[in-house]
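**Q** Got a structure for you, questions after.
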Amino acid sequence: MNNVLDLIAYKNGEFLPLKDIGPSILDFGFIHCDATYDVMPVYKGKAFCYERHLKRFQNSAKRYGLTIPNVDTLEVIKELAKRNPIENAFVWFIIWRGYPSSGNPRDLENCPINFAMYIKPSYPIASTPMVKLYLDKKTHRVNDDYYGQQYKNMAWIELTMSQMNCPTGFDTTVLVDTDGLVTEGPGFNVGIVKDKVIMTSNKNVLKGITMSVVEDIANEQDINFQRMPITTELFLSADEVFITSSSGGVTPTTITGSVTDLLISKYEIKKDEYATKL
Ligand code: PLP
């Protein structure tokens with residue numbers, strides 16, 4: 001496989017080249033962000049946390065009124081893995097509203113729904129093993145009062161703006177909310193360790209599956225894990241800062257230490273424990 005667009009993907013009951021499954025420029029999924037998705041990692045050919053990703057995708061689709069067709073998603077993933085053998089990959093679940101023949105932007109009931117899945121190679125989150133994270137106090141993450149950040153959505157605009165503001169010498173950024181509390185970054189949750197307690201933001205963030213695995217590990221290891229407001233002062237005084245994502249698992253930042261090391265090693269074990277054979 002030389003070009004990712006030649007991979008075989010799935011859309012509305014058919015297996016097609018990835019380049020042929022995209023939305024029309026008229027689709028509300030494209031012009032109104034009327035869409036949602038989920039991304040699940042595949043490690044050594046096995047799906048990771050399949051049930052959790054599927055559940056989050058179903059919850060997000062329900063939130064936005066996008067009805068998922070009756071498809072056996074695990075069977076689709078197995079077929080995708082067979083047709084595109086990739087050891088370490090991402091599986092995308094994606095659903096979006098098309099456009100009605102009336103052309104009326106309020107004619108939602110006559111919009112077709114498009115459901116697609118594809119598998120593609122995963123990429124590292126940073127060029128160095130330790131991420132240099134910049135605290136962006138100027139760009140605000142959208143509050144849960146709007147659509148609810150626990151539901152995945154396509155609106156990455158403030159995350160993208162923050163990444164564009166990332167100063168030279170840093171890999172990526174972490175945004176604050178409108179109360180000035182630390183939230184998350186473009187594609188990852190943020191965890192801090194202070195006095196052996198792991199803390200992560202309790203609102204205005206996506207409920208990341210990787211962070212839920214960190215929570216499981218913390219419970220098993222008798223480490224106190226708290227979802228709570230993280231002030232910038234608390235963040236800046238942390239003993240350790242790590243980020244979590246399906247793309248990088250538990251990734252250390254330049255402020256790291258023994259708790260992060262433990263989480264990284266236990267996460268490796270979880271890759272087998274929480275695996276579904278494809
Ligand atoms: N936060 C945002 C905004 C994300 O887009 C993602 C992943 O795409 C995450 C956090 C991490 O979530 P997960 O661990 O489920 O990949």
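Chain labels follow the order of the structure tokens: the first chain is A, the next B, and so on; residue numbering restarts at 1 in every chain, and ligands are counted from 1 in their shown order.
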Could you give me, as a list in words, every polymer residue with an atom at most 6 Å away from an atom of ligand 1, counting only C-alpha atoms and all ligand atoms?
**A**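 Checked against 6 Å with only C-alpha atoms and all ligand atoms; the hits are Glu184, Pro186, Gly187, Phe188, Asn189, Leu206, Gly208, Ile209, Thr210, Met211, Thr244, Ser245 and Ser246 of chain A.
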**Q** Could the residues in this selection be saved with C-alpha atoms as a PDB file, in the first residue's frame?
**A**
```pdb
ATOM      1  CA  GLU A 184      -7.295  19.282  26.938  1.00  0.00           C
ATOM      2  CA  PRO A 186      -5.816  18.904  19.981  1.00  0.00           C
ATOM      3  CA  GLY A 187      -6.606  15.188  20.133  1.00  0.00           C
ATOM      4  CA  PHE A 188      -5.641  14.315  23.703  1.00  0.00           C
ATOM      5  CA  ASN A 189      -6.593  14.527  27.371  1.00  0.00           C
ATOM      6  CA  LEU A 206     -13.878  14.686  25.738  1.00  0.00           C
ATOM      7  CA  GLY A 208     -11.210   9.912  26.468  1.00  0.00           C
ATOM      8  CA  ILE A 209     -11.117   6.124  26.391  1.00  0.00           C
ATOM      9  CA  THR A 210      -7.375   6.144  27.075  1.00  0.00           C
ATOM     10  CA  MET A 211      -7.930   8.187  30.249  1.00  0.00           C
ATOM     11  CA  THR A 244      -3.535  10.352  26.775  1.00  0.00           C
ATOM     12  CA  SER A 245      -4.951   9.519  23.371  1.00  0.00           C
ATOM     13  CA  SER A 246      -5.769   6.607  21.157  1.00  0.00           C
TER      14      SER A 246
END
```
**Q** Residues within 7 Å of range 20-28 of chain A, please, as a PDB file with N, CA and C atoms, in the first residue's frame. Count only C-alpha atoms; anything in the same chain fewer than 6 positions from it doesn't count.
**A**
```pdb
ATOM      1  N   LYS A  11     -18.647   1.968   3.211  1.00  0.00           N
ATOM      2  CA  LYS A  11     -19.645   3.050   3.299  1.00  0.00           C
ATOM      3  C   LYS A  11     -21.022   2.522   2.884  1.00  0.00           C
ATOM      4  N   ASP A  34     -22.475  18.542  10.900  1.00  0.00           N
ATOM      5  CA  ASP A  34     -23.584  17.681  11.321  1.00  0.00           C
ATOM      6  C   ASP A  34     -23.129  16.231  11.171  1.00  0.00           C
ATOM      7  N   ARG A  97     -24.778  13.631   8.151  1.00  0.00           N
ATOM      8  CA  ARG A  97     -26.002  13.895   7.419  1.00  0.00           C
ATOM      9  C   ARG A  97     -25.642  14.381   6.017  1.00  0.00           C
ATOM     10  N   GLY A  98     -26.383  13.848   5.062  1.00  0.00           N
ATOM     11  CA  GLY A  98     -26.175  14.273   3.670  1.00  0.00           C
ATOM     12  C   GLY A  98     -26.952  15.554   3.389  1.00  0.00           C
ATOM     13  N   TYR A  99     -27.547  15.681   2.218  1.00  0.00           N
ATOM     14  CA  TYR A  99     -28.357  16.875   1.922  1.00  0.00           C
ATOM     15  C   TYR A  99     -29.670  16.436   1.290  1.00  0.00           C
TER      16      TYR A  99
END
```
**Q** Using only C-alpha atoms for the distances, tell me which of A:Leu108, A:Val176, A:Val39, A:Met161 is nearest to Ser247 in chain A.
**A**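 Counting only C-alpha atoms, the residue closest to Ser247 in chain A is A:Val39.
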**Q** Ranking A:Thr256, A:Gln226, A:Asn110, A:Asn12 by minimum distance to Ile95 in chain A and counting only C-alpha atoms, which one comes first?
**A** A:Asn12
**Q** Considering only C-alpha atoms, return as JSON, numbers by chain whatever protein or nucleic-acid residues lie within 9 Å of range 13-18 of chain A, sequence-local ones (same chain, fewer than 6 positions apart) excluded.
**A** {"A": [4, 5, 6, 7, 71, 80, 115, 116, 118]}
**Q** Near range 142-158 of chain A, counting only C-alpha atoms, which residues have an atom at most 9 Å away, once you skip same-chain residues fewer than 6 positions from it, shown as a PDB file with all heavy atoms, in the first residue's frame?
**A**
```pdb
ATOM      1  N   GLY A  29     -23.146  17.276   6.874  1.00  0.00           N
ATOM      2  CA  GLY A  29     -22.019  16.783   7.677  1.00  0.00           C
ATOM      3  C   GLY A  29     -20.777  17.615   7.445  1.00  0.00           C
ATOM      4  O   GLY A  29     -19.966  17.824   8.354  1.00  0.00           O
ATOM      5  N   CYS A  33     -21.067  20.776  10.186  1.00  0.00           N
ATOM      6  CA  CYS A  33     -20.489  19.930  11.256  1.00  0.00           C
ATOM      7  C   CYS A  33     -21.519  18.920  11.753  1.00  0.00           C
ATOM      8  O   CYS A  33     -21.483  18.532  12.926  1.00  0.00           O
ATOM      9  CB  CYS A  33     -20.070  20.749  12.465  1.00  0.00           C
ATOM     10  SG  CYS A  33     -18.431  21.347  12.414  1.00  0.00           S
ATOM     11  N   ASP A  34     -22.475  18.542  10.900  1.00  0.00           N
ATOM     12  CA  ASP A  34     -23.584  17.681  11.321  1.00  0.00           C
ATOM     13  C   ASP A  34     -23.129  16.231  11.171  1.00  0.00           C
ATOM     14  O   ASP A  34     -23.541  15.510  10.253  1.00  0.00           O
ATOM     15  CB  ASP A  34     -24.796  18.011  10.425  1.00  0.00           C
ATOM     16  CG  ASP A  34     -26.078  17.441  10.962  1.00  0.00           C
ATOM     17  OD1 ASP A  34     -26.027  16.591  11.862  1.00  0.00           O
ATOM     18  OD2 ASP A  34     -27.141  17.847  10.453  1.00  0.00           O
ATOM     19  N   ALA A  35     -22.266  15.838  12.079  1.00  0.00           N
ATOM     20  CA  ALA A  35     -21.554  14.570  11.919  1.00  0.00           C
ATOM     21  C   ALA A  35     -20.905  14.192  13.236  1.00  0.00           C
ATOM     22  O   ALA A  35     -20.729  15.038  14.113  1.00  0.00           O
ATOM     23  CB  ALA A  35     -20.464  14.739  10.860  1.00  0.00           C
ATOM     24  N   THR A  36     -20.579  12.933  13.372  1.00  0.00           N
ATOM     25  CA  THR A  36     -19.740  12.542  14.503  1.00  0.00           C
ATOM     26  C   THR A  36     -18.889  11.334  14.110  1.00  0.00           C
ATOM     27  O   THR A  36     -19.068  10.765  13.035  1.00  0.00           O
ATOM     28  CB  THR A  36     -20.569  12.287  15.785  1.00  0.00           C
ATOM     29  OG1 THR A  36     -19.665  12.110  16.884  1.00  0.00           O
ATOM     30  CG2 THR A  36     -21.424  11.027  15.674  1.00  0.00           C
ATOM     31  N   TYR A  37     -17.960  10.976  15.006  1.00  0.00           N
ATOM     32  CA  TYR A  37     -17.016   9.917  14.656  1.00  0.00           C
ATOM     33  C   TYR A  37     -16.418   9.338  15.927  1.00  0.00           C
ATOM     34  O   TYR A  37     -16.610   9.870  17.029  1.00  0.00           O
ATOM     35  CB  TYR A  37     -15.891  10.483  13.762  1.00  0.00           C
ATOM     36  CG  TYR A  37     -14.916  11.394  14.489  1.00  0.00           C
ATOM     37  CD1 TYR A  37     -13.618  10.968  14.768  1.00  0.00           C
ATOM     38  CD2 TYR A  37     -15.306  12.657  14.922  1.00  0.00           C
ATOM     39  CE1 TYR A  37     -12.727  11.797  15.445  1.00  0.00           C
ATOM     40  CE2 TYR A  37     -14.421  13.486  15.598  1.00  0.00           C
ATOM     41  CZ  TYR A  37     -13.132  13.054  15.857  1.00  0.00           C
ATOM     42  OH  TYR A  37     -12.268  13.869  16.540  1.00  0.00           O
ATOM     43  N   ASP A  38     -15.698   8.246  15.772  1.00  0.00           N
ATOM     44  CA  ASP A  38     -14.871   7.742  16.854  1.00  0.00           C
ATOM     45  C   ASP A  38     -13.651   7.088  16.231  1.00  0.00           C
ATOM     46  O   ASP A  38     -13.679   6.704  15.058  1.00  0.00           O
ATOM     47  CB  ASP A  38     -15.633   6.741  17.749  1.00  0.00           C
ATOM     48  CG  ASP A  38     -15.171   6.878  19.192  1.00  0.00           C
ATOM     49  OD1 ASP A  38     -14.054   6.397  19.504  1.00  0.00           O
ATOM     50  OD2 ASP A  38     -15.875   7.504  20.001  1.00  0.00           O
ATOM     51  N   ARG A  56     -19.277   4.903  22.943  1.00  0.00           N
ATOM     52  CA  ARG A  56     -19.134   6.362  22.828  1.00  0.00           C
ATOM     53  C   ARG A  56     -19.651   6.845  21.472  1.00  0.00           C
ATOM     54  O   ARG A  56     -20.316   7.883  21.377  1.00  0.00           O
ATOM     55  CB  ARG A  56     -17.670   6.784  23.042  1.00  0.00           C
ATOM     56  CG  ARG A  56     -17.498   8.296  23.045  1.00  0.00           C
ATOM     57  CD  ARG A  56     -16.103   8.734  23.433  1.00  0.00           C
ATOM     58  NE  ARG A  56     -15.102   8.295  22.472  1.00  0.00           N
ATOM     59  CZ  ARG A  56     -13.797   8.499  22.594  1.00  0.00           C
ATOM     60  NH1 ARG A  56     -13.327   9.142  23.657  1.00  0.00           N
ATOM     61  NH2 ARG A  56     -12.950   8.079  21.690  1.00  0.00           N
ATOM     62  N   PHE A  57     -19.348   6.065  20.425  1.00  0.00           N
ATOM     63  CA  PHE A  57     -19.831   6.445  19.090  1.00  0.00           C
ATOM     64  C   PHE A  57     -21.361   6.459  19.064  1.00  0.00           C
ATOM     65  O   PHE A  57     -21.982   7.397  18.543  1.00  0.00           O
ATOM     66  CB  PHE A  57     -19.265   5.463  18.047  1.00  0.00           C
ATOM     67  CG  PHE A  57     -19.712   5.749  16.646  1.00  0.00           C
ATOM     68  CD1 PHE A  57     -19.360   6.933  16.014  1.00  0.00           C
ATOM     69  CD2 PHE A  57     -20.501   4.839  15.946  1.00  0.00           C
ATOM     70  CE1 PHE A  57     -19.777   7.213  14.720  1.00  0.00           C
ATOM     71  CE2 PHE A  57     -20.914   5.097  14.656  1.00  0.00           C
ATOM     72  CZ  PHE A  57     -20.559   6.290  14.046  1.00  0.00           C
ATOM     73  N   ASN A  59     -23.392   6.859  21.609  1.00  0.00           N
ATOM     74  CA  ASN A  59     -23.883   7.988  22.423  1.00  0.00           C
ATOM     75  C   ASN A  59     -23.756   9.305  21.667  1.00  0.00           C
ATOM     76  O   ASN A  59     -24.645  10.149  21.722  1.00  0.00           O
ATOM     77  CB  ASN A  59     -23.104   8.101  23.735  1.00  0.00           C
ATOM     78  CG  ASN A  59     -23.514   7.024  24.723  1.00  0.00           C
ATOM     79  OD1 ASN A  59     -24.586   6.448  24.598  1.00  0.00           O
ATOM     80  ND2 ASN A  59     -22.660   6.756  25.685  1.00  0.00           N
ATOM     81  N   SER A  60     -22.637   9.491  20.979  1.00  0.00           N
ATOM     82  CA  SER A  60     -22.419  10.738  20.236  1.00  0.00           C
ATOM     83  C   SER A  60     -23.444  10.848  19.109  1.00  0.00           C
ATOM     84  O   SER A  60     -24.060  11.907  18.919  1.00  0.00           O
ATOM     85  CB  SER A  60     -21.013  10.783  19.632  1.00  0.00           C
ATOM     86  OG  SER A  60     -20.030  10.634  20.619  1.00  0.00           O
ATOM     87  N   ALA A  61     -23.647   9.751  18.376  1.00  0.00           N
ATOM     88  CA  ALA A  61     -24.588   9.770  17.241  1.00  0.00           C
ATOM     89  C   ALA A  61     -25.998  10.096  17.752  1.00  0.00           C
ATOM     90  O   ALA A  61     -26.718  10.898  17.150  1.00  0.00           O
ATOM     91  CB  ALA A  61     -24.558   8.431  16.516  1.00  0.00           C
ATOM     92  N   ARG A  63     -26.781  11.778  20.437  1.00  0.00           N
ATOM     93  CA  ARG A  63     -26.790  13.182  20.867  1.00  0.00           C
ATOM     94  C   ARG A  63     -27.117  14.123  19.705  1.00  0.00           C
ATOM     95  O   ARG A  63     -27.812  15.116  19.858  1.00  0.00           O
ATOM     96  CB  ARG A  63     -25.414  13.526  21.464  1.00  0.00           C
ATOM     97  CG  ARG A  63     -25.183  14.987  21.741  1.00  0.00           C
ATOM     98  CD  ARG A  63     -25.863  15.407  23.031  1.00  0.00           C
ATOM     99  NE  ARG A  63     -25.585  16.795  23.354  1.00  0.00           N
ATOM    100  CZ  ARG A  63     -26.496  17.764  23.347  1.00  0.00           C
ATOM    101  NH1 ARG A  63     -27.732  17.497  23.033  1.00  0.00           N
ATOM    102  NH2 ARG A  63     -26.180  18.992  23.677  1.00  0.00           N
ATOM    103  N   TYR A  64     -26.565  13.795  18.512  1.00  0.00           N
ATOM    104  CA  TYR A  64     -26.738  14.676  17.353  1.00  0.00           C
ATOM    105  C   TYR A  64     -27.873  14.216  16.423  1.00  0.00           C
ATOM    106  O   TYR A  64     -27.997  14.715  15.305  1.00  0.00           O
ATOM    107  CB  TYR A  64     -25.422  14.784  16.567  1.00  0.00           C
ATOM    108  CG  TYR A  64     -24.255  15.246  17.414  1.00  0.00           C
ATOM    109  CD1 TYR A  64     -23.088  14.496  17.498  1.00  0.00           C
ATOM    110  CD2 TYR A  64     -24.331  16.420  18.160  1.00  0.00           C
ATOM    111  CE1 TYR A  64     -22.023  14.913  18.300  1.00  0.00           C
ATOM    112  CE2 TYR A  64     -23.276  16.839  18.963  1.00  0.00           C
ATOM    113  CZ  TYR A  64     -22.131  16.071  19.026  1.00  0.00           C
ATOM    114  OH  TYR A  64     -21.092  16.479  19.815  1.00  0.00           O
ATOM    115  N   LEU A 175      -5.463  23.740  26.184  1.00  0.00           N
ATOM    116  CA  LEU A 175      -6.333  24.920  26.225  1.00  0.00           C
ATOM    117  C   LEU A 175      -6.981  25.060  27.596  1.00  0.00           C
ATOM    118  O   LEU A 175      -7.139  24.072  28.328  1.00  0.00           O
ATOM    119  CB  LEU A 175      -7.453  24.795  25.190  1.00  0.00           C
ATOM    120  CG  LEU A 175      -7.084  24.918  23.720  1.00  0.00           C
ATOM    121  CD1 LEU A 175      -6.396  23.656  23.225  1.00  0.00           C
ATOM    122  CD2 LEU A 175      -8.322  25.167  22.864  1.00  0.00           C
ATOM    123  N   ASP A 177     -10.564  26.634  29.719  1.00  0.00           N
ATOM    124  CA  ASP A 177     -11.959  26.924  29.412  1.00  0.00           C
ATOM    125  C   ASP A 177     -12.259  28.383  29.759  1.00  0.00           C
ATOM    126  O   ASP A 177     -11.343  29.140  30.120  1.00  0.00           O
ATOM    127  CB  ASP A 177     -12.910  25.921  30.103  1.00  0.00           C
ATOM    128  CG  ASP A 177     -12.827  25.965  31.617  1.00  0.00           C
ATOM    129  OD1 ASP A 177     -12.307  26.970  32.161  1.00  0.00           O
ATOM    130  OD2 ASP A 177     -13.277  25.013  32.268  1.00  0.00           O
ATOM    131  N   THR A 178     -13.529  28.767  29.669  1.00  0.00           N
ATOM    132  CA  THR A 178     -13.837  30.190  29.886  1.00  0.00           C
ATOM    133  C   THR A 178     -13.666  30.594  31.351  1.00  0.00           C
ATOM    134  O   THR A 178     -13.642  31.782  31.669  1.00  0.00           O
ATOM    135  CB  THR A 178     -15.264  30.530  29.395  1.00  0.00           C
ATOM    136  OG1 THR A 178     -16.155  29.539  29.918  1.00  0.00           O
ATOM    137  CG2 THR A 178     -15.352  30.540  27.885  1.00  0.00           C
ATOM    138  N   PRO A 186      -5.322  19.404  21.272  1.00  0.00           N
ATOM    139  CA  PRO A 186      -5.816  18.904  19.981  1.00  0.00           C
ATOM    140  C   PRO A 186      -5.616  17.384  19.848  1.00  0.00           C
ATOM    141  O   PRO A 186      -4.559  16.917  19.431  1.00  0.00           O
ATOM    142  CB  PRO A 186      -4.976  19.653  18.945  1.00  0.00           C
ATOM    143  CG  PRO A 186      -4.302  20.756  19.694  1.00  0.00           C
ATOM    144  CD  PRO A 186      -4.187  20.329  21.118  1.00  0.00           C
ATOM    145  N   GLY A 187      -6.634  16.648  20.285  1.00  0.00           N
ATOM    146  CA  GLY A 187      -6.606  15.188  20.133  1.00  0.00           C
ATOM    147  C   GLY A 187      -6.132  14.434  21.352  1.00  0.00           C
ATOM    148  O   GLY A 187      -5.830  13.238  21.250  1.00  0.00           O
ATOM    149  N   LYS A 203     -14.532  18.590  33.347  1.00  0.00           N
ATOM    150  CA  LYS A 203     -15.545  19.127  32.421  1.00  0.00           C
ATOM    151  C   LYS A 203     -14.896  19.857  31.252  1.00  0.00           C
ATOM    152  O   LYS A 203     -13.702  20.155  31.280  1.00  0.00           O
ATOM    153  CB  LYS A 203     -16.553  20.014  33.144  1.00  0.00           C
ATOM    154  CG  LYS A 203     -15.974  21.161  33.903  1.00  0.00           C
ATOM    155  CD  LYS A 203     -17.100  21.965  34.545  1.00  0.00           C
ATOM    156  CE  LYS A 203     -16.479  23.200  35.136  1.00  0.00           C
ATOM    157  NZ  LYS A 203     -17.256  24.322  35.280  1.00  0.00           N
ATOM    158  N   ASN A 204     -15.735  20.101  30.246  1.00  0.00           N
ATOM    159  CA  ASN A 204     -15.292  20.774  29.027  1.00  0.00           C
ATOM    160  C   ASN A 204     -14.179  20.008  28.310  1.00  0.00           C
ATOM    161  O   ASN A 204     -13.310  20.605  27.672  1.00  0.00           O
ATOM    162  CB  ASN A 204     -14.866  22.218  29.316  1.00  0.00           C
ATOM    163  CG  ASN A 204     -15.965  22.994  30.026  1.00  0.00           C
ATOM    164  OD1 ASN A 204     -17.147  22.766  29.762  1.00  0.00           O
ATOM    165  ND2 ASN A 204     -15.600  23.873  30.936  1.00  0.00           N
ATOM    166  N   VAL A 205     -14.225  18.680  28.452  1.00  0.00           N
ATOM    167  CA  VAL A 205     -13.252  17.808  27.772  1.00  0.00           C
ATOM    168  C   VAL A 205     -13.975  16.566  27.239  1.00  0.00           C
ATOM    169  O   VAL A 205     -15.009  16.169  27.778  1.00  0.00           O
ATOM    170  CB  VAL A 205     -12.118  17.318  28.721  1.00  0.00           C
ATOM    171  CG1 VAL A 205     -11.241  18.454  29.170  1.00  0.00           C
ATOM    172  CG2 VAL A 205     -12.659  16.553  29.919  1.00  0.00           C
ATOM    173  N   LEU A 206     -13.386  15.982  26.206  1.00  0.00           N
ATOM    174  CA  LEU A 206     -13.878  14.686  25.738  1.00  0.00           C
ATOM    175  C   LEU A 206     -13.582  13.649  26.825  1.00  0.00           C
ATOM    176  O   LEU A 206     -12.510  13.700  27.446  1.00  0.00           O
ATOM    177  CB  LEU A 206     -13.147  14.294  24.446  1.00  0.00           C
ATOM    178  CG  LEU A 206     -13.563  12.935  23.876  1.00  0.00           C
ATOM    179  CD1 LEU A 206     -14.918  13.041  23.187  1.00  0.00           C
ATOM    180  CD2 LEU A 206     -12.535  12.408  22.906  1.00  0.00           C
ATOM    181  N   LYS A 207     -14.522  12.719  27.031  1.00  0.00           N
ATOM    182  CA  LYS A 207     -14.248  11.626  27.987  1.00  0.00           C
ATOM    183  C   LYS A 207     -13.422  10.577  27.238  1.00  0.00           C
ATOM    184  O   LYS A 207     -13.971   9.648  26.637  1.00  0.00           O
ATOM    185  CB  LYS A 207     -15.549  11.017  28.521  1.00  0.00           C
ATOM    186  CG  LYS A 207     -16.394  11.979  29.348  1.00  0.00           C
ATOM    187  CD  LYS A 207     -15.850  12.153  30.771  1.00  0.00           C
ATOM    188  CE  LYS A 207     -16.605  13.154  31.607  1.00  0.00           C
ATOM    189  NZ  LYS A 207     -16.557  14.564  31.198  1.00  0.00           N
ATOM    190  N   GLY A 208     -12.114  10.767  27.240  1.00  0.00           N
ATOM    191  CA  GLY A 208     -11.210   9.912  26.468  1.00  0.00           C
ATOM    192  C   GLY A 208     -11.215   8.475  26.975  1.00  0.00           C
ATOM    193  O   GLY A 208     -11.248   8.225  28.177  1.00  0.00           O
TER     194      GLY A 208
END
```
**Q** Any idea what's packed within 6 Å of range 227-233 of chain A, counting only C-alpha atoms, ignoring anything in its chain fewer than 3 positions away? Could you give it as an MDAnalysis selection string?
**A** chainID A and resid 181:182 199:202 236
**Q** Keeping all heavy atoms, export the residues of the selection given above as an mmCIF file, in the first residue's frame.
**A**
```cif
data_model
loop_
_atom_site.group_PDB
_atom_site.id
_atom_site.type_symbol
_atom_site.label_atom_id
_atom_site.label_comp_id
_atom_site.auth_asym_id
_atom_site.auth_seq_id
_atom_site.Cartn_x
_atom_site.Cartn_y
_atom_site.Cartn_z
ATOM 1 N N LEU A 181 -9.802 27.320 33.530
ATOM 2 C CA LEU A 181 -9.353 26.002 34.005
ATOM 3 C C LEU A 181 -8.751 25.204 32.852
ATOM 4 O O LEU A 181 -9.209 25.315 31.700
ATOM 5 C CB LEU A 181 -10.529 25.230 34.619
ATOM 6 C CG LEU A 181 -11.137 25.874 35.872
ATOM 7 C CD1 LEU A 181 -12.467 25.221 36.219
ATOM 8 C CD2 LEU A 181 -10.165 25.779 37.052
ATOM 9 N N VAL A 182 -7.761 24.383 33.180
ATOM 10 C CA VAL A 182 -7.049 23.601 32.164
ATOM 11 C C VAL A 182 -7.971 22.505 31.630
ATOM 12 O O VAL A 182 -8.651 21.826 32.411
ATOM 13 C CB VAL A 182 -5.769 22.991 32.787
ATOM 14 C CG1 VAL A 182 -5.071 22.055 31.815
ATOM 15 C CG2 VAL A 182 -4.831 24.107 33.245
ATOM 16 N N MET A 199 -4.669 13.499 38.519
ATOM 17 C CA MET A 199 -5.827 14.375 38.337
ATOM 18 C C MET A 199 -6.017 14.693 36.855
ATOM 19 O O MET A 199 -5.027 14.836 36.129
ATOM 20 C CB MET A 199 -5.608 15.697 39.091
ATOM 21 C CG MET A 199 -5.584 15.526 40.597
ATOM 22 S SD MET A 199 -4.956 16.999 41.420
ATOM 23 C CE MET A 199 -3.343 16.455 41.927
ATOM 24 N N THR A 200 -7.286 14.789 36.478
ATOM 25 C CA THR A 200 -7.599 15.200 35.106
ATOM 26 C C THR A 200 -8.869 16.036 35.153
ATOM 27 O O THR A 200 -9.658 15.915 36.094
ATOM 28 C CB THR A 200 -7.732 13.966 34.173
ATOM 29 O OG1 THR A 200 -7.779 14.415 32.820
ATOM 30 C CG2 THR A 200 -8.967 13.134 34.465
ATOM 31 N N SER A 201 -9.065 16.863 34.160
ATOM 32 C CA SER A 201 -10.210 17.778 34.164
ATOM 33 C C SER A 201 -11.537 17.022 34.154
ATOM 34 O O SER A 201 -11.673 16.002 33.471
ATOM 35 C CB SER A 201 -10.123 18.685 32.945
ATOM 36 O OG SER A 201 -11.280 19.460 32.875
ATOM 37 N N ASN A 202 -12.513 17.538 34.883
ATOM 38 C CA ASN A 202 -13.831 16.872 34.970
ATOM 39 C C ASN A 202 -14.865 17.478 34.030
ATOM 40 O O ASN A 202 -15.970 16.970 33.936
ATOM 41 C CB ASN A 202 -14.360 16.923 36.412
ATOM 42 C CG ASN A 202 -14.527 18.347 36.910
ATOM 43 O OD1 ASN A 202 -13.876 19.260 36.411
ATOM 44 N ND2 ASN A 202 -15.384 18.549 37.876
ATOM 45 N N LEU A 236 0.740 24.110 36.654
ATOM 46 C CA LEU A 236 2.143 24.545 36.572
ATOM 47 C C LEU A 236 2.989 24.034 37.739
ATOM 48 O O LEU A 236 4.211 24.024 37.649
ATOM 49 C CB LEU A 236 2.220 26.078 36.470
ATOM 50 C CG LEU A 236 1.660 26.652 35.151
ATOM 51 C CD1 LEU A 236 1.524 28.160 35.212
ATOM 52 C CD2 LEU A 236 2.530 26.244 33.963
#
```
**Q** Among the residues of range 68-267 of chain A, find those DSSP assigns to strand (DSSP E or B) from the backbone and print them as a PyMOL selection string.
**A** chain A and resi 89-97+113-121+131+133-140+172-176+182+184-185+188-194+197-200+225-227+240-245+249-253
**Q** Excluding Ile192 in chain A and residues on its chain fewer than 2 positions from it, collect all residues at most 6 Å away from it, counting only C-alpha atoms, and give them as a PDB file with N, CA and C atoms, in the first residue's frame.
**A**
```
ATOM      1  N   ILE A 198      -3.307  11.276  40.843  1.00  0.00           N
ATOM      2  CA  ILE A 198      -3.497  11.572  39.415  1.00  0.00           C
ATOM      3  C   ILE A 198      -4.765  12.410  39.278  1.00  0.00           C
ATOM      4  N   MET A 199      -4.669  13.499  38.519  1.00  0.00           N
ATOM      5  CA  MET A 199      -5.827  14.375  38.337  1.00  0.00           C
ATOM      6  C   MET A 199      -6.017  14.693  36.855  1.00  0.00           C
ATOM      7  N   GLU A 240       4.237  15.746  37.673  1.00  0.00           N
ATOM      8  CA  GLU A 240       4.301  15.078  36.372  1.00  0.00           C
ATOM      9  C   GLU A 240       3.109  15.540  35.531  1.00  0.00           C
ATOM     10  N   VAL A 241       3.307  15.598  34.232  1.00  0.00           N
ATOM     11  CA  VAL A 241       2.211  15.899  33.301  1.00  0.00           C
ATOM     12  C   VAL A 241       2.308  14.868  32.171  1.00  0.00           C
TER      13      VAL A 241
END
```
**Q** Would you mind telling me which residue in A:Leu234, A:Leu66, A:Ala275, A:Ile264 lies nearest to Met40 in chain A when using only C-alpha atoms?
**A** A:Ala275
**Q** Would you work out the distance separating CA of Tyr10 in chain A from CA of Trp96 in chain A, expressed in Å to one decimal?
**A** 13.9 Å
**Q** Considering only helix (DSSP H, G or I) as DSSP defines it on the backbone, what residues of range 150-259 of chain A qualify? List them as a list of chain:residue names.
**A** A:Ile157, A:Glu158, A:Leu159, A:Thr160, A:Met161, A:Ser162, A:Gln163, A:Met164, A:Ile209, A:Thr210, A:Met211, A:Ser212, A:Val213, A:Val214, A:Glu215, A:Asp216, A:Ile217, A:Ala218, A:Asn219, A:Glu220, A:Thr232, A:Glu233, A:Leu234, A:Phe235, A:Leu236, A:Ser258, A:Val259
**Q** Between CA of Thr260 in chain A and CA of Tyr134 in chain A, what is the spacing in Å?
**A**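 These atoms are spaced 18.6 Å apart.
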**Q** For Asp222 in chain A, which residue out of A:Phe242, A:Ile255, A:Thr67, A:Val197 is the nearest one, using only C-alpha atoms?
**A**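 So, comparing all the options, the nearest one is A:Val197.
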**Q** Taking into account only C-alpha atoms, which residue in the set A:Phe93, A:Phe235, A:Tyr123, A:Tyr50 is nearest to Thr183 in chain A?
**A**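 Of A:Phe93, A:Phe235, A:Tyr123, A:Tyr50, the one nearest Thr183 in chain A, counting only C-alpha atoms, is A:Phe235.
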**Q** Nearest to Ala81 in chain A: which of A:Lys55, A:Lys277, A:Lys132, A:Lys194 is it, counting only C-alpha atoms?
**A**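 The closest residue to Ala81 in chain A is A:Lys277.
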**Q** For CA of Ile31 in chain A and CA of Asp107 in chain A, quote the distance in Å rounded to one decimal.
**A**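 These atoms are spaced 14.5 Å apart.
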